[in-house]
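Okay, data.cif now, which holds mmCIF, C-alpha atoms:
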```cif
data_data
loop_
_atom_site.group_PDB
_atom_site.id
_atom_site.type_symbol
_atom_site.label_atom_id
_atom_site.label_comp_id
_atom_site.auth_asym_id
_atom_site.auth_seq_id
_atom_site.Cartn_x
_atom_site.Cartn_y
_atom_site.Cartn_z
ATOM 1 C CA MET T 1 138.624 100.745 107.398
ATOM 2 C CA ALA T 2 136.804 97.502 106.639
ATOM 3 C CA TYR T 3 133.019 97.905 106.822
ATOM 4 C CA ARG T 4 130.633 100.757 106.289
ATOM 5 C CA HIS T 5 127.322 100.994 108.130
ATOM 6 C CA ASP T 6 124.692 103.138 106.383
ATOM 7 C CA THR T 7 121.602 104.022 108.432
ATOM 8 C CA TYR T 8 118.486 105.463 106.762
ATOM 9 C CA LYS T 9 116.066 107.350 109.020
ATOM 10 C CA TYR T 10 112.601 108.353 107.840
ATOM 11 C CA LYS T 11 110.682 111.539 108.582
ATOM 12 C CA ASN T 12 107.874 109.654 110.322
ATOM 13 C CA LYS T 13 110.433 107.932 112.601
ATOM 14 C CA LYS T 14 108.638 104.619 112.113
ATOM 15 C CA ILE T 15 111.371 102.898 110.119
ATOM 16 C CA ILE T 16 115.155 102.628 110.347
ATOM 17 C CA GLU T 17 117.120 100.806 107.639
ATOM 18 C CA HIS T 18 120.573 99.329 108.203
ATOM 19 C CA GLU T 19 122.998 98.422 105.432
ATOM 20 C CA PHE T 20 126.453 96.989 106.133
ATOM 21 C CA LYS T 21 128.910 96.563 103.295
ATOM 22 C CA TYR T 22 132.593 96.084 102.645
ATOM 23 C CA ALA T 23 134.321 99.435 102.155
ATOM 24 C CA GLY T 24 137.990 98.726 101.429
ATOM 25 C CA ARG T 25 140.409 96.769 99.238
ATOM 26 C CA TYR T 26 141.332 94.128 101.775
ATOM 27 C CA GLY T 27 139.450 91.866 104.109
ATOM 28 C CA ALA T 28 138.460 92.731 107.652
ATOM 29 C CA LYS T 29 140.064 90.965 110.586
ATOM 30 C CA GLY T 30 138.314 87.653 111.100
ATOM 31 C CA GLU T 31 136.603 87.819 107.711
ATOM 32 C CA LYS T 32 137.492 85.099 105.247
ATOM 33 C CA ARG T 33 137.209 86.312 101.706
ATOM 34 C CA ALA T 34 135.204 84.111 99.364
ATOM 35 C CA GLN T 35 136.497 83.524 95.848
ATOM 36 C CA ARG T 36 135.671 86.449 93.604
ATOM 37 C CA LYS T 37 133.353 85.569 90.749
ATOM 38 C CA LYS T 38 132.065 87.560 87.848
ATOM 39 C CA ALA T 39 128.343 88.129 88.258
ATOM 40 C CA THR T 40 126.215 86.522 85.563
ATOM 41 C CA PRO T 41 123.831 88.650 83.446
ATOM 42 C CA GLU T 42 120.911 87.091 85.329
ATOM 43 C CA GLN T 43 122.478 87.997 88.688
ATOM 44 C CA MET T 44 123.082 91.544 87.512
ATOM 45 C CA LYS T 45 119.504 91.795 86.271
ATOM 46 C CA LYS T 46 118.155 90.656 89.641
ATOM 47 C CA GLN T 47 120.447 93.017 91.523
ATOM 48 C CA ASN T 48 119.468 95.995 89.365
ATOM 49 C CA GLN T 49 115.786 95.195 89.881
ATOM 50 C CA TYR T 50 116.337 94.924 93.631
ATOM 51 C CA ASN T 51 118.108 98.304 93.648
ATOM 52 C CA ARG T 52 115.177 99.892 91.781
ATOM 53 C CA GLU T 53 112.691 98.413 94.233
ATOM 54 C CA LYS T 54 114.750 99.650 97.189
ATOM 55 C CA LEU T 55 114.957 103.206 95.815
ATOM 56 C CA VAL T 56 111.218 103.350 95.092
ATOM 57 C CA LEU T 57 110.396 101.969 98.538
ATOM 58 C CA ARG T 58 112.555 104.604 100.234
ATOM 59 C CA LYS T 59 110.865 107.414 98.307
ATOM 60 C CA MET T 60 107.426 105.999 99.045
ATOM 61 C CA ARG T 61 108.005 105.486 102.766
ATOM 62 C CA ASN T 62 109.519 108.934 103.236
ATOM 63 C CA ASN T 63 106.909 110.970 101.331
ATOM 64 C CA PHE T 64 103.552 109.233 101.675
ATOM 65 C CA LYS T 65 101.418 108.144 104.589
ATOM 66 C CA ARG T 66 98.261 106.325 105.538
ATOM 67 C CA GLY T 67 95.242 107.855 103.799
ATOM 68 C CA ASP T 68 97.077 109.047 100.688
ATOM 69 C CA LEU T 69 95.499 107.847 97.456
ATOM 70 C CA TRP T 70 96.386 105.073 95.019
ATOM 71 C CA ILE T 71 94.430 105.851 91.862
ATOM 72 C CA THR T 72 93.904 104.118 88.527
ATOM 73 C CA LEU T 73 93.010 106.398 85.617
ATOM 74 C CA LYS T 74 91.152 104.616 82.825
ATOM 75 C CA LEU T 75 90.179 105.770 79.361
ATOM 76 C CA LYS T 76 86.694 105.314 77.923
ATOM 77 C CA LYS T 77 85.866 101.674 77.252
ATOM 78 C CA GLY T 78 87.325 100.490 73.955
ATOM 79 C CA GLU T 79 89.373 103.644 73.381
ATOM 80 C CA ARG T 80 92.933 103.144 72.140
ATOM 81 C CA VAL T 81 95.653 105.790 72.063
ATOM 82 C CA SER T 82 99.335 105.815 71.116
ATOM 83 C CA ALA T 83 102.242 105.950 73.541
ATOM 84 C CA GLN T 84 102.860 109.627 72.751
ATOM 85 C CA GLU T 85 99.187 110.495 73.207
ATOM 86 C CA ILE T 86 98.965 108.904 76.666
ATOM 87 C CA LEU T 87 102.073 110.825 77.727
ATOM 88 C CA LYS T 88 100.435 114.111 76.677
ATOM 89 C CA ILE T 89 97.234 113.196 78.515
ATOM 90 C CA ARG T 90 99.172 112.318 81.655
ATOM 91 C CA GLU T 91 101.092 115.604 81.604
ATOM 92 C CA LYS T 92 97.899 117.640 81.156
ATOM 93 C CA PHE T 93 96.310 115.782 84.064
ATOM 94 C CA LEU T 94 99.289 116.322 86.368
ATOM 95 C CA ARG T 95 99.598 119.989 85.391
ATOM 96 C CA GLN T 96 95.955 120.684 86.242
ATOM 97 C CA LEU T 97 96.122 118.670 89.469
ATOM 98 C CA ARG T 98 99.296 120.495 90.474
ATOM 99 C CA GLY T 99 97.443 123.788 90.005
ATOM 100 C CA VAL T 100 94.685 122.744 92.420
ATOM 101 C CA TYR T 101 97.255 121.743 95.037
ATOM 102 C CA LYS T 102 99.081 125.052 94.628
ATOM 103 C CA LYS T 103 95.873 127.041 95.203
ATOM 104 C CA ARG T 104 95.437 125.180 98.492
ATOM 105 C CA GLY T 105 98.992 125.893 99.563
ATOM 106 C CA ARG T 106 100.290 122.350 99.103
ATOM 107 C CA ALA T 107 102.764 120.719 96.714
ATOM 108 C CA LEU T 108 101.643 117.736 94.669
ATOM 109 C CA LYS T 109 103.690 114.598 95.307
ATOM 110 C CA TYR T 110 103.213 111.603 93.066
ATOM 111 C CA MET T 111 104.661 108.333 91.826
ATOM 112 C CA CYS T 112 103.275 107.115 88.529
ATOM 113 C CA ARG T 113 103.318 104.228 86.091
ATOM 114 C CA ILE T 114 101.565 103.742 82.747
ATOM 115 C CA GLU T 115 100.456 100.173 82.150
ATOM 116 C CA ILE T 116 98.808 98.020 79.487
ATOM 117 C CA GLY T 117 95.979 95.696 80.469
ATOM 118 C CA GLU T 118 95.671 92.105 79.287
ATOM 119 C CA ARG T 119 93.274 93.235 76.530
ATOM 120 C CA GLY T 120 95.558 96.017 75.343
ATOM 121 C CA GLY T 121 93.869 98.928 77.089
ATOM 122 C CA ILE T 122 96.089 101.629 78.609
ATOM 123 C CA HIS T 123 95.621 102.859 82.168
ATOM 124 C CA ILE T 124 97.678 104.951 84.566
ATOM 125 C CA HIS T 125 98.492 104.145 88.197
ATOM 126 C CA ILE T 126 99.378 107.095 90.422
ATOM 127 C CA LEU T 127 100.122 107.389 94.127
ATOM 128 C CA VAL T 128 99.347 110.948 95.286
ATOM 129 C CA ASN T 129 99.427 112.782 98.611
ATOM 130 C CA ARG T 130 95.956 113.686 99.832
ATOM 131 C CA ILE T 131 95.053 117.302 100.653
ATOM 132 C CA LYS T 132 92.342 118.784 102.869
ATOM 133 C CA GLY T 133 89.519 120.913 101.560
ATOM 134 C CA THR T 134 86.332 120.728 99.525
ATOM 135 C CA PRO T 135 85.971 119.136 97.079
ATOM 136 C CA GLY T 136 88.154 116.304 98.392
ATOM 137 C CA THR T 137 91.214 114.992 96.606
ATOM 138 C CA ALA T 138 89.407 112.017 95.077
ATOM 139 C CA GLU T 139 86.635 114.223 93.705
ATOM 140 C CA VAL T 140 89.121 116.713 92.249
ATOM 141 C CA ILE T 141 90.960 113.881 90.486
ATOM 142 C CA SER T 142 87.718 112.481 89.036
ATOM 143 C CA GLN T 143 86.659 115.914 87.779
ATOM 144 C CA ILE T 144 89.964 116.626 86.040
ATOM 145 C CA TRP T 145 90.239 113.173 84.467
ATOM 146 C CA GLY T 146 86.603 113.252 83.345
ATOM 147 C CA ARG T 147 87.074 116.596 81.592
ATOM 148 C CA LEU T 148 90.239 115.426 79.849
ATOM 149 C CA THR T 149 89.195 111.962 78.706
ATOM 150 C CA GLY T 150 85.631 111.120 79.667
ATOM 151 C CA GLY T 151 87.080 108.059 81.395
ATOM 152 C CA HIS T 152 86.685 106.975 85.003
ATOM 153 C CA VAL T 153 88.836 106.651 88.107
ATOM 154 C CA ASN T 154 89.317 103.875 90.650
ATOM 155 C CA TYR T 155 90.887 104.986 93.890
ATOM 156 C CA ALA T 156 91.496 103.953 97.462
ATOM 157 C CA PRO T 157 93.374 105.320 100.487
ATOM 158 C CA VAL T 158 96.505 103.335 101.149
ATOM 159 C CA TYR T 159 97.260 101.583 104.407
ATOM 160 C CA GLU T 160 100.709 100.954 105.802
ATOM 161 C CA GLU T 161 100.475 97.184 106.096
ATOM 162 C CA GLY T 162 103.838 95.937 104.861
ATOM 163 C CA HIS T 163 105.010 99.562 105.070
ATOM 164 C CA PHE T 164 104.419 100.080 101.322
ATOM 165 C CA LYS T 165 106.613 97.121 100.327
ATOM 166 C CA ASP T 166 104.055 95.438 98.043
ATOM 167 C CA LEU T 167 103.003 98.718 96.445
ATOM 168 C CA ALA T 168 106.614 99.695 95.725
ATOM 169 C CA ASP T 169 107.283 96.292 94.148
ATOM 170 C CA TYR T 170 104.177 96.687 91.979
ATOM 171 C CA LEU T 171 105.268 100.104 90.751
ATOM 172 C CA VAL T 172 108.559 98.773 89.348
ATOM 173 C CA LYS T 173 107.554 95.239 88.391
ATOM 174 C CA LYS T 174 108.368 93.915 84.935
ATOM 175 C CA PRO T 175 105.423 93.475 82.506
ATOM 176 C CA LYS T 176 103.963 89.966 82.406
ATOM 177 C CA GLU T 177 104.777 87.803 79.390
ATOM 178 C CA GLU T 178 101.259 88.079 78.017
ATOM 179 C CA ILE T 179 101.531 91.885 78.277
ATOM 180 C CA THR T 180 104.960 91.955 76.640
ATOM 181 C CA GLY T 181 103.359 90.773 73.393
ATOM 182 C CA GLN T 182 100.956 93.708 73.491
ATOM 183 C CA LEU T 183 103.883 96.148 73.579
ATOM 184 C CA THR T 184 104.719 95.468 69.929
ATOM 185 C CA LEU T 185 101.599 97.467 69.046
ATOM 186 C CA PHE T 186 103.049 100.657 70.517
ATOM 187 C CA GLY T 187 105.643 102.166 68.198
ATOM 188 C CA THR T 188 109.378 102.061 68.743
ATOM 189 C CA GLU T 189 111.303 100.353 71.526
ATOM 190 C CA GLU T 190 111.939 103.772 73.063
ATOM 191 C CA GLU T 191 108.194 104.479 73.168
ATOM 192 C CA ARG T 192 107.481 101.073 74.684
ATOM 193 C CA LYS T 193 109.761 101.859 77.635
ATOM 194 C CA ILE T 194 107.062 104.074 79.110
ATOM 195 C CA PHE T 195 105.131 100.915 79.991
ATOM 196 C CA SER T 196 107.963 99.428 82.036
ATOM 197 C CA GLU T 197 109.321 102.497 83.860
ATOM 198 C CA TYR T 198 107.882 104.610 86.640
ATOM 199 C CA THR T 199 108.076 108.391 86.995
ATOM 200 C CA CYS T 200 107.747 110.590 90.064
ATOM 201 C CA SER T 201 107.591 114.229 91.075
ATOM 202 C CA LYS T 202 110.935 115.932 91.604
ATOM 203 C CA ASN T 203 110.033 117.057 95.130
ATOM 204 C CA LEU T 204 110.248 113.575 96.686
ATOM 205 C CA GLU T 205 112.862 113.378 99.418
ATOM 206 C CA LEU T 206 114.965 110.371 100.359
ATOM 207 C CA PRO T 207 115.396 109.419 104.014
ATOM 208 C CA GLU T 208 118.241 110.922 105.997
ATOM 209 C CA LYS T 209 121.406 108.854 105.642
ATOM 210 C CA GLU T 210 124.097 108.469 108.282
ATOM 211 C CA THR T 211 127.343 106.616 107.614
ATOM 212 C CA HIS T 212 129.782 105.102 110.089
ATOM 213 C CA ASP T 213 133.011 103.304 109.223
ATOM 214 C CA TYR T 214 134.406 100.433 111.262
ATOM 215 C CA LYS T 215 138.004 99.240 111.476
ATOM 216 C CA HIS T 216 138.745 95.532 111.987
ATOM 217 C CA TRP T 217 135.059 94.744 112.346
ATOM 218 C CA THR T 218 133.415 91.501 111.304
ATOM 219 C CA LEU T 219 129.876 90.599 110.265
ATOM 220 C CA ARG T 220 130.209 87.109 111.680
ATOM 221 C CA LYS T 221 128.343 87.869 114.924
ATOM 222 C CA LEU T 222 125.565 89.686 113.038
ATOM 223 C CA VAL T 223 125.107 86.803 110.614
ATOM 224 C CA GLU T 224 125.254 84.100 113.295
ATOM 225 C CA ASN T 225 123.085 85.766 115.950
ATOM 226 C CA GLY T 226 120.952 88.099 113.865
ATOM 227 C CA PRO T 227 120.418 91.838 114.450
ATOM 228 C CA GLU T 228 119.118 93.225 117.729
ATOM 229 C CA PRO T 229 116.503 96.013 117.592
ATOM 230 C CA LYS T 230 116.788 99.259 119.508
ATOM 231 C CA PRO T 231 114.250 99.810 122.333
ATOM 232 C CA GLY T 232 110.734 100.405 120.995
ATOM 233 C CA TYR T 233 111.429 98.743 117.630
ATOM 234 C CA TYR T 234 111.321 95.236 116.165
ATOM 235 C CA ILE T 235 113.216 93.634 113.280
ATOM 236 C CA ASP T 236 111.288 93.029 110.061
ATOM 237 C CA ARG T 237 112.479 89.473 109.398
ATOM 238 C CA ASP T 238 111.326 89.620 105.772
ATOM 239 C CA SER T 239 113.705 92.540 105.173
ATOM 240 C CA ILE T 240 116.893 90.675 106.128
ATOM 241 C CA ARG T 241 119.288 90.074 103.241
ATOM 242 C CA HIS T 242 122.888 88.933 103.547
ATOM 243 C CA GLY T 243 125.509 87.103 101.542
ATOM 244 C CA LYS T 244 128.774 87.559 99.677
ATOM 245 C CA ASN T 245 129.404 90.317 97.185
ATOM 246 C CA PRO T 246 130.389 88.556 93.907
ATOM 247 C CA TYR T 247 132.913 91.317 93.078
ATOM 248 C CA THR T 248 134.755 91.609 96.402
ATOM 249 C CA GLY T 249 133.963 88.204 97.888
ATOM 250 C CA MET T 250 133.118 89.992 101.147
ATOM 251 C CA SER T 251 129.989 89.955 103.287
ATOM 252 C CA TYR T 252 127.073 92.382 103.245
ATOM 253 C CA TYR T 253 124.027 92.610 105.503
ATOM 254 C CA TYR T 254 120.741 94.548 105.271
ATOM 255 C CA TYR T 255 117.736 94.764 107.585
ATOM 256 C CA THR T 256 114.932 97.107 108.665
ATOM 257 C CA GLU T 257 113.708 98.110 112.118
ATOM 258 C CA ILE T 258 110.044 99.111 112.571
ATOM 259 C CA ARG T 259 108.604 101.025 115.510
ATOM 260 C CA LEU T 260 106.388 98.907 117.750
ATOM 261 C CA GLU T 261 103.561 101.335 118.391
ATOM 262 C CA ARG T 262 102.456 104.892 117.852
ATOM 263 C CA ASP T 263 102.030 107.396 120.651
ATOM 264 C CA ALA T 264 98.656 108.879 121.591
ATOM 265 C CA GLY T 265 99.436 112.201 119.910
ATOM 266 C CA GLU T 266 100.120 110.583 116.544
ATOM 267 C CA ILE T 267 96.924 108.507 116.711
ATOM 268 C CA ARG T 268 94.903 111.637 117.564
ATOM 269 C CA ARG T 269 96.430 113.590 114.677
ATOM 270 C CA GLU T 270 95.635 110.767 112.239
ATOM 271 C CA CYS T 271 92.028 110.652 113.441
ATOM 272 C CA GLU T 272 91.697 114.427 113.058
ATOM 273 C CA ASP T 273 93.266 114.277 109.611
ATOM 274 C CA LEU T 274 90.911 111.551 108.394
ATOM 275 C CA CYS T 275 87.802 112.989 110.066
ATOM 276 C CA GLY T 276 85.156 114.074 107.613
ATOM 277 C CA GLN T 277 86.791 112.411 104.607
ATOM 278 C CA SER T 278 84.842 110.043 102.387
ATOM 279 C CA VAL T 279 85.498 106.360 102.994
ATOM 280 C CA TYR T 280 86.562 104.157 100.088
ATOM 281 C CA THR T 281 87.457 100.495 99.765
ATOM 282 C CA PRO T 282 90.981 100.316 101.243
ATOM 283 C CA LEU T 283 93.972 99.073 99.312
ATOM 284 C CA ARG T 284 96.598 97.339 101.414
ATOM 285 C CA PRO T 285 100.020 97.877 99.774
#
```
As structure tokens, the full file:
Amino acid sequence: MAYRHDTYKYKNKKIIEHEFKYAGRYGAKGEKRAQRKKATPEQMKKQNQYNREKLVLRKMRNNFKRGDLWITLKLKKGERVSAQEILKIREKFLRQLRGVYKKRGRALKYMCRIEIGERGGIHIHILVNRIKGTPGTAEVISQIWGRLTGGHVNYAPVYEEGHFKDLADYLVKKPKEEITGQLTLFGTEEERKIFSEYTCSKNLELPEKETHDYKHWTLRKLVENGPEPKPGYYIDRDSIRHGKNPYTGMSYYYYTEIRLERDAGEIRRECEDLCGQSVYTPLRP
């Protein structure tokens, strides 16, 4: 066994991810091992960040769709709260929102991050699945947040341009340098972590994973010629990543296939789903 091919298939069948990596102690036939090198702290930091982004993107793509809401919850102008206080406010908000979803026979799905603005004000970003019914999801969110804090809400339905890539990157991005200085105002280092980490509901599902092992197989052809898409799909060229693993000195390759077009039934269902909903300024993740 030389290489392992992991395929990730999403519930909406729009995206297929491919990940090839070395799976044994020795090199594959035709594969020349590069010299093993110890990864630098900076390389490890970049790799860990990339792994976080990849995990968040998989959760986002598999659980959310066009028309779901990206919301920003803001406190009253000039109001300042501690790290522990904003956590309590967030949990109260999510608990009440979860109750509304449950009454309508749906489960709340969310991905969330607490952030500090350039002037030190705290706000919360949340991606939530939209539900049918009256009042609409956006109105329910505004009502709950208004009762809890007296603050206001910015929200927009998300589009699938980039297939959530930019939005996933934003959710796990590191705070800017000018924001990092603001963090010293918020208690201990442990408390300050809440401004650099995302949280999500436990009911988010990862895409289905299939694994195939190859004996005496080389990545040379894939690297030299590039991947070929299956019928009805195209290769997202921005998703291609390949190189040498610094630990094994062996090749790896990653890319994503995206479906070319939707069928008439899917378009009709989307139109029916969005019909009658209020229209807001769209956010393109």
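CA of Arg237 in chain T to CA of Ile126 in chain T spans 29.0 Å [interatomic distance, one decimal].
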For this session: Decode the PyMOL selection byres ((chain T and resi 11) around 12) for the given file into explicit residues and return them as a PyMOL selection string.
Result: chain T and resi 8-10+12-16+58-65+205-209
Take the residues from that selection and write them out as a PDB file, in the coordinates of the input, keeping C-alpha atoms.
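Wrote out.pdb, looks like this:
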```
ATOM      1  CA  TYR T   8     118.486 105.463 106.762  1.00  0.00           C
ATOM      2  CA  LYS T   9     116.066 107.350 109.020  1.00  0.00           C
ATOM      3  CA  TYR T  10     112.601 108.353 107.840  1.00  0.00           C
ATOM      4  CA  ASN T  12     107.874 109.654 110.322  1.00  0.00           C
ATOM      5  CA  LYS T  13     110.433 107.932 112.601  1.00  0.00           C
ATOM      6  CA  LYS T  14     108.638 104.619 112.113  1.00  0.00           C
ATOM      7  CA  ILE T  15     111.371 102.898 110.119  1.00  0.00           C
ATOM      8  CA  ILE T  16     115.155 102.628 110.347  1.00  0.00           C
ATOM      9  CA  ARG T  58     112.555 104.604 100.234  1.00  0.00           C
ATOM     10  CA  LYS T  59     110.865 107.414  98.307  1.00  0.00           C
ATOM     11  CA  MET T  60     107.426 105.999  99.045  1.00  0.00           C
ATOM     12  CA  ARG T  61     108.005 105.486 102.766  1.00  0.00           C
ATOM     13  CA  ASN T  62     109.519 108.934 103.236  1.00  0.00           C
ATOM     14  CA  ASN T  63     106.909 110.970 101.331  1.00  0.00           C
ATOM     15  CA  PHE T  64     103.552 109.233 101.675  1.00  0.00           C
ATOM     16  CA  LYS T  65     101.418 108.144 104.589  1.00  0.00           C
ATOM     17  CA  GLU T 205     112.862 113.378  99.418  1.00  0.00           C
ATOM     18  CA  LEU T 206     114.965 110.371 100.359  1.00  0.00           C
ATOM     19  CA  PRO T 207     115.396 109.419 104.014  1.00  0.00           C
ATOM     20  CA  GLU T 208     118.241 110.922 105.997  1.00  0.00           C
ATOM     21  CA  LYS T 209     121.406 108.854 105.642  1.00  0.00           C
TER      22      LYS T 209
END
```
For this session: Apply the PyMOL selection byres ((chain T and resi 124) around 6) to the displayed file and report the matching residues as an NGL selection string.
Result: :T and (72-73 or 113-114 or 123 or 125)
Those same residues, written as a compact mmCIF listing (two decimals), in the coordinates of the input with C-alpha atoms?
```txt
# COMPACT_ATOMS: atom_id res chain seq x y z
CA THR T 72 93.90 104.12 88.53
CA LEU T 73 93.01 106.40 85.62
CA ARG T 113 103.32 104.23 86.09
CA ILE T 114 101.56 103.74 82.75
CA HIS T 123 95.62 102.86 82.17
CA HIS T 125 98.49 104.14 88.20
```
Problem set entry | Minimum-distance residue to Gly151 in chain T, chosen among T:Ile122, T:Leu167, T:Leu75, T:Met44 (using all atoms listed in the file) | T:Leu75
Problem set entry | Straight-line distance linking CA of Phe164 in chain T with CA of Arg4 in chain T, stated in Å to one decimal |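 Calculated distance between CA of Phe164 in chain T and CA of Arg4 in chain T is 26.7 Å.
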Problem set entry | Ground truth for the PyMOL selection byres ((chain T and resi 234) around 7), written as a count of residues only | 8
Exercise. In terms of the shortest atom-to-atom distance over only C-alpha atoms, which of T:Glu261, T:Asp238, T:Asp169, T:Asp213 is closest to Asn51 in chain T?
Worked result: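 Comparing T:Glu261, T:Asp238, T:Asp169, T:Asp213 against Asn51 in chain T, the winner is T:Asp169.
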For this session: Name all residues at most 12 Å from Thr199 in chain T (count all atoms listed in the file; drop same-chain ones fewer than 5 positions away) and give them as number ranges by chain.
Result: T: 56, 59, 87, 90-91, 94, 109-114, 124-127, 171-172, 193-194, 204
Seminar exercise, completed: Here CA of Gly150 in chain T and CA of Glu79 in chain T stand apart by 10.5 Å
